[in-house]
file entry-v4.txt (compact mmCIF, C-alpha atoms)
# COMPACT_ATOMS: atom_id res chain seq x y z
CA MET Y 1 -10.63 -41.53 -44.64
CA SER Y 2 -13.14 -40.18 -47.16
CA LEU Y 3 -12.53 -37.43 -49.65
CA ARG Y 4 -14.90 -35.22 -47.62
CA ASP Y 5 -12.57 -35.68 -44.63
CA ILE Y 6 -9.55 -34.64 -46.68
CA VAL Y 7 -10.93 -31.79 -48.73
CA VAL Y 8 -12.49 -28.60 -47.51
CA ILE Y 9 -14.06 -26.41 -50.11
CA GLY Y 10 -15.32 -22.97 -49.10
CA LEU Y 11 -17.73 -20.66 -50.74
CA ALA Y 12 -18.25 -16.98 -51.04
CA ALA Y 13 -21.18 -15.99 -53.20
CA CYS Y 14 -21.96 -12.35 -53.63
CA LEU Y 15 -24.76 -10.43 -55.22
CA PHE Y 16 -24.29 -6.76 -55.89
CA ALA Y 17 -27.10 -4.47 -56.97
CA ALA Y 18 -26.90 -0.73 -57.49
CA THR Y 19 -29.60 1.82 -58.06
CA ALA Y 20 -29.05 5.36 -59.27
CA VAL Y 21 -30.40 7.87 -56.75
CA ARG Y 22 -30.35 11.63 -57.17
CA ALA Y 23 -28.74 13.49 -54.29
CA GLU Y 24 -31.99 15.17 -53.20
CA GLU Y 25 -33.92 11.89 -53.09
CA GLU Y 26 -33.99 9.72 -50.00
CA PRO Y 27 -33.54 6.05 -50.95
CA ARG Y 28 -36.55 3.92 -50.04
CA LEU Y 29 -36.79 0.18 -49.70
CA ASP Y 30 -39.86 -1.39 -51.23
CA PRO Y 31 -40.81 -4.42 -49.08
CA LEU Y 32 -41.48 -6.44 -52.24
CA ALA Y 33 -38.08 -5.51 -53.67
CA LEU Y 34 -36.38 -6.57 -50.44
CA SER Y 35 -38.20 -9.89 -50.61
CA GLU Y 36 -36.99 -10.36 -54.19
CA ILE Y 37 -33.42 -9.59 -53.13
CA GLU Y 38 -33.70 -12.08 -50.28
CA GLN Y 39 -35.04 -14.68 -52.73
CA ALA Y 40 -32.15 -13.97 -55.10
CA LEU Y 41 -29.59 -14.32 -52.30
CA ALA Y 42 -31.14 -17.64 -51.26
CA TYR Y 43 -31.05 -18.78 -54.90
CA HIS Y 44 -27.37 -17.82 -55.19
CA ARG Y 45 -26.56 -19.73 -52.00
CA ALA Y 46 -28.42 -22.82 -53.29
CA VAL Y 47 -26.65 -22.73 -56.67
CA SER Y 48 -23.26 -22.27 -54.97
CA ALA Y 49 -23.91 -25.11 -52.52
CA LYS Y 50 -24.88 -27.46 -55.36
CA VAL Y 51 -21.73 -26.64 -57.35
CA ILE Y 52 -19.52 -26.98 -54.28
CA GLU Y 53 -21.04 -30.35 -53.40
CA VAL Y 54 -20.17 -31.64 -56.87
CA ALA Y 55 -16.67 -30.09 -56.61
CA VAL Y 56 -16.02 -31.80 -53.25
CA GLU Y 57 -17.08 -35.16 -54.64
CA ASN Y 58 -14.88 -34.73 -57.72
CA TYR Y 59 -11.58 -33.29 -56.44
CA PRO Y 60 -9.24 -34.53 -59.18
CA PRO Y 61 -7.25 -37.53 -57.90
CA GLU Y 62 -4.15 -36.28 -59.74
CA ALA Y 63 -4.47 -32.93 -57.92
CA LEU Y 64 -4.73 -34.74 -54.58
CA ARG Y 65 -1.64 -36.82 -55.33
CA ALA Y 66 0.24 -33.68 -56.39
CA ARG Y 67 -1.07 -31.85 -53.27
CA GLU Y 68 -2.46 -29.06 -55.50
CA THR Y 69 -4.55 -26.40 -53.80
CA GLY Y 70 -5.92 -23.01 -54.77
CA ARG Y 71 -8.87 -20.67 -55.16
CA VAL Y 72 -11.21 -20.68 -58.15
CA ILE Y 73 -13.65 -17.85 -58.66
CA LEU Y 74 -16.47 -18.91 -60.97
CA ALA Y 75 -18.99 -16.73 -62.77
CA LEU Y 76 -22.17 -18.51 -63.84
CA ASP Y 77 -24.98 -17.19 -66.01
CA ILE Y 78 -28.17 -19.14 -65.48
CA ASN Y 79 -31.22 -19.05 -67.75
CA PRO Y 80 -34.70 -18.66 -66.21
CA ASN Y 81 -35.39 -22.35 -66.93
CA GLY Y 82 -32.39 -23.27 -64.73
CA SER Y 83 -30.05 -24.28 -67.55
CA LEU Y 84 -26.49 -23.02 -67.48
CA ALA Y 85 -25.95 -20.34 -70.13
CA ALA Y 86 -22.24 -19.82 -69.43
CA VAL Y 87 -19.54 -20.54 -66.87
CA GLU Y 88 -16.06 -19.10 -66.64
CA ALA Y 89 -13.23 -18.84 -64.17
CA ARG Y 90 -12.26 -15.29 -63.25
CA ASP Y 91 -8.68 -14.10 -63.69
CA ALA Y 92 -8.43 -13.66 -59.91
CA SER Y 93 -8.41 -17.47 -59.56
CA ASP Y 94 -5.06 -18.64 -58.26
CA ALA Y 95 -5.46 -22.41 -58.60
CA PRO Y 96 -3.60 -24.69 -60.99
CA VAL Y 97 -5.30 -25.25 -64.35
CA ARG Y 98 -6.33 -28.77 -63.31
CA LEU Y 99 -8.40 -27.37 -60.41
CA ILE Y 100 -9.84 -24.55 -62.50
CA ASP Y 101 -11.00 -27.10 -65.08
CA ALA Y 102 -12.45 -29.28 -62.29
CA ALA Y 103 -14.42 -26.33 -60.89
CA ILE Y 104 -15.86 -25.53 -64.34
CA ASP Y 105 -16.73 -29.21 -64.80
CA ALA Y 106 -18.44 -29.18 -61.39
CA ALA Y 107 -20.63 -26.24 -62.43
CA ASN Y 108 -21.58 -27.97 -65.67
CA SER Y 109 -22.34 -31.23 -63.85
CA ALA Y 110 -24.42 -29.47 -61.17
CA ALA Y 111 -26.72 -27.91 -63.78
CA PRO Y 112 -29.59 -27.63 -64.29
CA PHE Y 113 -30.54 -25.48 -61.33
CA GLU Y 114 -33.98 -24.50 -60.09
CA PRO Y 115 -35.88 -22.32 -62.56
CA TYR Y 116 -36.75 -18.76 -61.59
CA ASP Y 117 -39.17 -16.04 -62.73
CA ALA Y 118 -37.86 -14.49 -65.97
CA GLY Y 119 -39.05 -11.09 -64.69
CA LEU Y 120 -36.33 -11.29 -62.02
CA VAL Y 121 -33.50 -12.15 -64.41
CA VAL Y 122 -31.43 -9.13 -63.30
CA LEU Y 123 -31.30 -10.47 -59.74
CA PHE Y 124 -31.06 -14.19 -60.42
CA ARG Y 125 -29.08 -14.70 -63.66
CA HIS Y 126 -25.49 -13.98 -62.63
CA VAL Y 127 -24.01 -16.03 -59.79
CA GLU Y 128 -20.41 -15.71 -58.63
CA MET Y 129 -18.77 -18.03 -56.16
CA GLN Y 130 -15.39 -18.89 -54.75
CA ILE Y 131 -14.25 -22.47 -54.43
CA ASP Y 132 -11.24 -23.01 -52.18
CA TYR Y 133 -9.50 -26.28 -52.85
CA THR Y 134 -7.51 -27.16 -49.74
CA ILE Y 135 -6.09 -30.36 -48.32
CA GLN Y 136 -6.18 -30.80 -44.59
CA GLU Y 137 -3.46 -32.78 -42.89

call {"tool": "encode", "arguments": {"input": "entry-v4.txt", "output": "structure tokens"}}
result
Amino acid sequence: MSLRDIVVIGLAACLFAATAVRAEEEPRLDPLALSEIEQALAYHRAVSAKVIEVAVENYPPEALRARETGRVILALDINPNGSLAAVEARDASDAPVRLIDAAIDAANSAAPFEPYDAGLVVLFRHVEMQIDYTIQE
């Protein structure tokens, strides 16, 4: 049985954007802005999938033997050239330290990511994801 058969790692990547709107103004969607948001969401999904693929392939053997499971929430900052500027595990992570370290290592190993337009840094730079380390019987 392969590691992929044993381990299921899930992902939740979210992108939140807020715009200040005065009460008397009706919010309008610019078709170009919507396209940029869709591009950013696709980028976030691609980054998350790449990190998760590396995480699945590198579930720590000691964690498997110890039957360790848990959730790691990662925050990545990615430079426009695709290099990883920073990665950290959020406090909401409830996994053992060994799995948190493995998730951070997976993000570092998955980099670099695809470059993006520096003019869209607000939408593309910050990527958050959830990695669920579980062992199926």

call {"tool": "axis_aligned_box", "arguments": {"input": "entry-v4.txt", "around": "segment 97-105 of chain Y", "padding_each_side": "5 Å", "output": "AutoDock Vina command-line options"}}
result
--center_x -11.0 --center_y -26.9 --center_z -62.7 --size_x 21.4 --size_y 14.7 --size_z 14.7

call {"tool": "closest_residue", "arguments": {"input": "entry-v4.txt", "among": "Y:Glu114, Y:Asp105, Y:Asp94, Y:Glu68", "to": "Pro80 of chain Y", "atoms": "only C-alpha atoms"}}
result
Y:Glu114

call {"tool": "atom_distance", "arguments": {"input": "entry-v4.txt", "atom1": "atom CA of Ile73 of chain Y", "atom2": "atom CA of Glu128 of chain Y"}}
result
7.1 Å

call {"tool": "closest_residue", "arguments": {"input": "entry-v4.txt", "among": "Y:Gln130, Y:Pro112, Y:Leu123, Y:Leu64", "to": "Leu41 of chain Y", "atoms": "all atoms listed in the file"}}
result
Y:Leu123

call {"tool": "atom_distance", "arguments": {"input": "entry-v4.txt", "atom1": "atom CA of Ala42 of chain Y", "atom2": "atom CA of Asn108 of chain Y"}}
result
20.1 Å
